[in-house]
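Quick look at model_37.txt (compact mmCIF, C-alpha atoms):
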# COMPACT_ATOMS: atom_id res chain seq x y z
CA MET A 1 0.00 0.00 0.00
CA ALA A 2 1.49 3.27 -1.02
CA LYS A 3 0.63 6.51 0.69
CA GLY A 4 0.96 9.73 -1.25
CA ASN A 5 3.76 11.25 0.79
CA VAL A 6 5.55 8.10 2.01
CA ALA A 7 8.71 7.05 0.17
CA PHE A 8 9.56 3.36 0.36
CA THR A 9 13.23 2.41 0.39
CA LYS A 10 15.18 -0.82 0.45
CA ASP A 11 15.00 -0.71 4.25
CA ASN A 12 11.85 -2.77 4.95
CA GLU A 13 12.92 -3.88 8.41
CA TYR A 14 11.99 -1.68 11.33
CA TYR A 15 12.36 -3.06 14.84
CA THR A 16 10.74 -2.27 18.14
CA PRO A 17 13.09 -0.64 20.64
CA LYS A 18 13.93 -2.91 23.58
CA SER A 19 12.49 -0.41 26.06
CA VAL A 20 9.04 -0.78 24.46
CA VAL A 21 9.09 -4.57 24.73
CA ASP A 22 10.46 -4.36 28.30
CA TYR A 23 7.56 -2.09 29.29
CA PHE A 24 5.19 -5.02 28.83
CA GLY A 25 7.33 -7.55 30.70
CA LYS A 26 9.15 -10.75 29.77
CA PHE A 27 8.01 -12.77 26.77
CA ASP A 28 8.63 -16.41 25.92
CA TYR A 29 7.82 -16.30 22.18
CA ASP A 30 7.95 -13.95 19.18
CA PRO A 31 6.72 -15.36 15.85
CA ALA A 32 8.05 -12.47 13.73
CA THR A 33 11.56 -11.44 14.61
CA THR A 34 15.24 -11.97 13.94
CA LYS A 35 17.71 -14.02 15.96
CA GLU A 36 19.50 -10.82 17.02
CA LYS A 37 16.32 -9.11 18.27
CA ALA A 38 15.13 -12.23 20.10
CA GLU A 39 18.49 -12.39 21.90
CA GLU A 40 18.37 -8.66 22.71
CA PHE A 41 14.85 -8.98 24.15
CA GLY A 42 15.67 -12.22 26.01
CA ILE A 43 13.02 -14.20 24.12
CA GLU A 44 14.08 -17.85 24.00
CA ASN A 45 11.54 -19.07 21.47
CA TYR A 46 11.09 -17.22 18.21
CA ASP A 47 10.50 -17.55 14.51
CA THR A 48 11.99 -15.59 11.66
CA ILE A 49 10.93 -15.02 8.07
CA GLU A 50 12.72 -18.27 7.22
CA THR A 51 10.93 -20.38 9.86
CA ASP A 52 7.53 -18.69 9.23
CA GLY A 53 5.84 -18.02 12.56
CA LEU A 54 2.40 -18.08 10.95
CA ASN A 55 2.78 -21.83 10.40
CA GLN A 56 3.89 -22.62 13.96
CA ASP A 57 1.91 -23.62 17.07
CA TRP A 58 1.64 -20.63 19.40
CA THR A 59 -0.59 -22.30 21.99
CA LYS A 60 2.34 -23.72 23.97
CA TYR A 61 3.61 -20.26 24.96
CA LYS A 62 2.34 -18.19 27.90
CA LYS A 63 3.33 -14.70 26.76
CA ILE A 64 3.83 -13.67 23.13
CA TRP A 65 5.19 -10.42 21.64
CA ILE A 66 4.50 -9.59 17.99
CA ASN A 67 5.62 -6.68 15.82
CA PRO A 68 4.26 -8.21 12.61
CA PRO A 69 5.48 -7.46 9.12
CA PHE A 70 3.52 -4.42 7.97
CA THR A 71 2.10 -5.99 4.82
CA ILE A 72 0.70 -9.10 6.53
CA LYS A 73 -0.18 -7.75 9.98
CA HIS A 74 -3.79 -8.92 9.54
CA LYS A 75 -2.63 -12.55 9.20
CA PHE A 76 -0.71 -12.31 12.48
CA LEU A 77 -3.75 -10.75 14.15
CA GLU A 78 -6.02 -13.55 12.91
CA LYS A 79 -3.56 -16.19 14.15
CA ALA A 80 -3.25 -14.38 17.50
CA TYR A 81 -7.02 -14.39 18.06
CA GLU A 82 -7.26 -18.06 16.98
CA THR A 83 -4.47 -18.92 19.43
CA TYR A 84 -6.06 -16.93 22.26
CA ARG A 85 -9.42 -18.72 21.76
CA ILE A 86 -7.62 -22.03 22.33
CA ALA A 87 -4.95 -21.23 24.94
CA LYS A 88 -6.03 -17.95 26.62
CA ASN A 89 -2.37 -16.88 26.61
CA ASP A 90 -1.09 -13.30 26.86
CA ILE A 91 -0.54 -11.99 23.33
CA TYR A 92 0.69 -8.44 22.67
CA ILE A 93 0.72 -7.05 19.12
CA LEU A 94 2.15 -3.75 17.93
CA PHE A 95 0.18 -2.08 15.12
CA PRO A 96 -0.16 1.24 13.34
CA ILE A 97 -3.05 2.89 15.17
CA GLU A 98 -4.98 3.39 11.94
CA PHE A 99 -5.24 -0.42 11.58
CA LEU A 100 -7.80 -0.38 14.41
CA THR A 101 -10.37 1.16 12.04
CA THR A 102 -10.07 -1.46 9.31
CA LYS A 103 -12.50 -4.22 8.37
CA ARG A 104 -9.69 -6.78 8.81
CA MET A 105 -9.30 -5.70 12.44
CA THR A 106 -13.05 -5.90 13.04
CA ASN A 107 -13.35 -9.31 11.39
CA ALA A 108 -10.39 -10.81 13.27
CA SER A 109 -11.58 -9.58 16.68
CA GLN A 110 -15.21 -10.61 16.18
CA ASN A 111 -16.79 -11.60 19.51
CA MET A 112 -13.46 -11.01 21.26
CA GLY A 113 -11.74 -8.06 22.87
CA GLY A 114 -8.45 -6.52 23.70
CA LYS A 115 -6.70 -4.00 25.84
CA LEU A 116 -5.36 -1.12 23.79
CA PHE A 117 -2.24 0.57 25.11
CA ILE A 118 -2.15 3.96 23.42
CA PRO A 119 0.98 6.09 23.87
CA ASN A 120 0.74 9.88 23.89
CA GLY A 121 3.45 10.10 21.23
CA ARG A 122 5.08 8.09 18.49
CA ILE A 123 7.46 5.18 18.95
CA ASN A 124 10.81 5.65 17.19
CA PHE A 125 11.58 2.32 15.56
CA GLU A 126 15.06 1.02 14.80
CA SER A 127 16.10 0.64 11.18
CA GLY A 128 17.20 -2.76 9.93
CA LEU A 129 20.01 -1.04 8.08
CA GLY A 130 21.44 0.23 11.35
CA LYS A 131 20.17 3.77 10.89
CA LYS A 132 18.68 5.62 13.81
CA GLY A 133 14.91 5.41 13.52
CA LYS A 134 12.79 8.48 13.07
CA SER A 135 9.29 9.08 14.30
CA PRO A 136 7.10 7.28 11.75
CA ALA A 137 4.40 8.97 9.72
CA PHE A 138 1.79 7.16 11.83
CA GLY A 139 1.18 6.42 15.49
CA SER A 140 1.36 2.95 17.01
CA VAL A 141 -0.73 1.05 19.50
CA VAL A 142 -0.13 -2.19 21.40
CA LEU A 143 -3.06 -4.58 21.60
CA LYS A 144 -3.21 -7.25 24.29
CA ILE A 145 -5.79 -9.80 23.24
CA GLN A 146 -8.39 -10.62 25.88
CA ASP A 147 -12.13 -11.34 26.23
CA TYR A 148 -13.35 -7.74 26.62
CA TRP A 149 -12.34 -4.26 25.44
CA GLU A 150 -10.51 -1.65 27.47
CA VAL A 151 -8.08 1.20 26.85
CA GLU A 152 -5.03 2.40 28.75
CA PHE A 153 -3.22 5.58 27.81
CA ILE A 154 0.51 5.42 28.45
CA ASN A 155 3.19 8.07 28.58
CA ILE A 156 5.62 7.79 25.66
CA GLU A 157 8.47 8.59 28.08
CA ASP A 158 7.64 5.39 29.98
CA LEU A 159 8.18 3.45 26.75
CA LYS A 160 11.63 4.99 26.43
CA ALA A 161 12.71 4.01 29.95
CA GLU A 162 15.47 1.48 30.36
CA LYS A 163 13.68 -0.42 33.11
CA PRO A 164 10.51 -2.47 32.70
CA ASN A 165 7.08 -1.28 33.74
CA LYS A 166 6.31 -1.83 37.43
CA GLN A 167 2.87 -3.23 36.61
CA GLN A 168 3.51 -6.87 35.78
CA ASN A 169 1.35 -9.85 35.15
CA ILE A 170 0.98 -11.99 38.29
CA PHE A 171 2.44 -14.99 36.39
CA ASP A 172 5.61 -12.99 35.71
CA LEU A 173 6.02 -12.51 39.46
CA ILE A 174 5.46 -16.12 40.58
CA GLY A 175 7.19 -17.93 37.69
CA ASP A 176 6.54 -21.56 36.68
With the file now loaded, output its structure as structure tokens.
Amino acid sequence: MAKGNVAFTKDNEYYTPKSVVDYFGKFDYDPATTKEKAEEFGIENYDTIETDGLNQDWTKYKKIWINPPFTIKHKFLEKAYETYRIAKNDIYILFPIEFLTTKRMTNASQNMGGKLFIPNGRINFESGLGKKGKSPAFGSVVLKIQDYWEVEFINIEDLKAEKPNKQQNIFDLIGD
């Protein structure tokens, strides 16, 4: 999808800063990442473009982080909702905020819910070519899939912090 004032370059890889992932706690699976990012985030189980996370079983993981490829984000959302229906695991997905108003979003979340974490600013992503990321042309939102809808507004400065959010899931605190 081309936007009138957006120039696409050879740099198609944009990664979530570690501080953003840390804000939401520790994850045990990411179906759409690179080996380097999984290691940086401390995520033991992951899939890359080569191992195709869409064709893997996500139900065996308790807490999943996803920054899906932009062009197939709807497929990752559909798989996330299917997985949640089966396993009721914690699944967090990063999207452009405008995706929330699409038919694909509505269809995927039918009869389900989610908690929207909406920052009061834009997340600066990291370029796959090693360039410092700029504020994107669109805002982002993190969706935690759950049975009902709710919204939490978060301070963008908290997403830039080096330490994780103090509000953690009870399962993160007690372990296995």
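The space between atom CA of A:Asn155 and atom CA of A:Gly114 spans 19.3 Å.
The interatomic distance for the pair atom CA of A:Lys18 and atom CA of A:Leu100 works out to 23.7 Å.
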Which neighbours of A:Ile66 fall inside 10 Å, counting all atoms listed in the file, when residues of the same chain fewer than 3 positions from it are skipped, and could you give them as a PyMOL selection string? chain A and resi 16+21+27+29-33+69+73+76-77+80+91-95+142-143
One number please: atom CA of A:Arg122 to atom CA of A:Ser140, in Å, one decimal.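 Result for atom CA of A:Arg122 versus atom CA of A:Ser140: 6.5 Å, one decimal.
Near A:Asn111, within a cut-off of 10 Å and counting only C-alpha atoms, sit the residues Thr106, Asp147 and Tyr148 of chain A, with same-chain residues fewer than 5 positions away left out.
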Spatial neighbours of A:Asp28, max dist 12 Å, all atoms listed in the file, sep filter under 3 positions, as an mmCIF file with C-alpha atoms, in the frame of the given file:
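Dumped to out11.cif:
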data_model
loop_
_atom_site.group_PDB
_atom_site.id
_atom_site.type_symbol
_atom_site.label_atom_id
_atom_site.label_comp_id
_atom_site.auth_asym_id
_atom_site.auth_seq_id
_atom_site.Cartn_x
_atom_site.Cartn_y
_atom_site.Cartn_z
ATOM 1 C CA VAL A 21 9.090 -4.570 24.730
ATOM 2 C CA GLY A 25 7.330 -7.550 30.700
ATOM 3 C CA PRO A 31 6.720 -15.360 15.850
ATOM 4 C CA ALA A 38 15.130 -12.230 20.100
ATOM 5 C CA GLU A 39 18.490 -12.390 21.900
ATOM 6 C CA PHE A 41 14.850 -8.980 24.150
ATOM 7 C CA GLY A 42 15.670 -12.220 26.010
ATOM 8 C CA ILE A 43 13.020 -14.200 24.120
ATOM 9 C CA GLU A 44 14.080 -17.850 24.000
ATOM 10 C CA ASN A 45 11.540 -19.070 21.470
ATOM 11 C CA TYR A 46 11.090 -17.220 18.210
ATOM 12 C CA ASP A 47 10.500 -17.550 14.510
ATOM 13 C CA TRP A 58 1.640 -20.630 19.400
ATOM 14 C CA THR A 59 -0.590 -22.300 21.990
ATOM 15 C CA LYS A 60 2.340 -23.720 23.970
ATOM 16 C CA TYR A 61 3.610 -20.260 24.960
ATOM 17 C CA LYS A 62 2.340 -18.190 27.900
ATOM 18 C CA LYS A 63 3.330 -14.700 26.760
ATOM 19 C CA ILE A 64 3.830 -13.670 23.130
ATOM 20 C CA TRP A 65 5.190 -10.420 21.640
ATOM 21 C CA ILE A 66 4.500 -9.590 17.990
ATOM 22 C CA ASN A 89 -2.370 -16.880 26.610
ATOM 23 C CA ASP A 90 -1.090 -13.300 26.860
ATOM 24 C CA ILE A 91 -0.540 -11.990 23.330
ATOM 25 C CA TYR A 92 0.690 -8.440 22.670
ATOM 26 C CA ASP A 172 5.610 -12.990 35.710
ATOM 27 C CA GLY A 175 7.190 -17.930 37.690
#
Write out as a list in words the residues lying within 7 Å of A:Pro96, counting all atoms listed in the file and excluding same-chain residues fewer than 6 positions away.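 Once the adjacent positions are removed, what remains is Phe138, Gly139, Ser140 and Val141 of chain A.
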I'd like to know which of A:Ile72, A:Tyr84, A:Glu157, A:Lys37 is closest to A:Asp57, using all atoms listed in the file. A:Tyr84
Using only the atoms of stretch 73-84 of chain A listed in the file, plus 6 Å on each side, state the axis-aligned box centre and edge lengths in Å rounded to one decimal, as JSON.
{"center_x": -3.7, "center_y": -13.3, "center_z": 15.7, "size_x": 19.1, "size_y": 23.2, "size_z": 25.1}
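Shown here are all protein and nucleic acid residues lying within 12 Å of (-11.4, -2.7, 27.4), with only C-alpha atoms considered: Met112, Gly113, Gly114, Lys115, Leu116, Phe117, Leu143, Lys144, Ile145, Gln146, Asp147, Tyr148, Trp149, Glu150, Val151, Glu152 and Phe153 of chain A.
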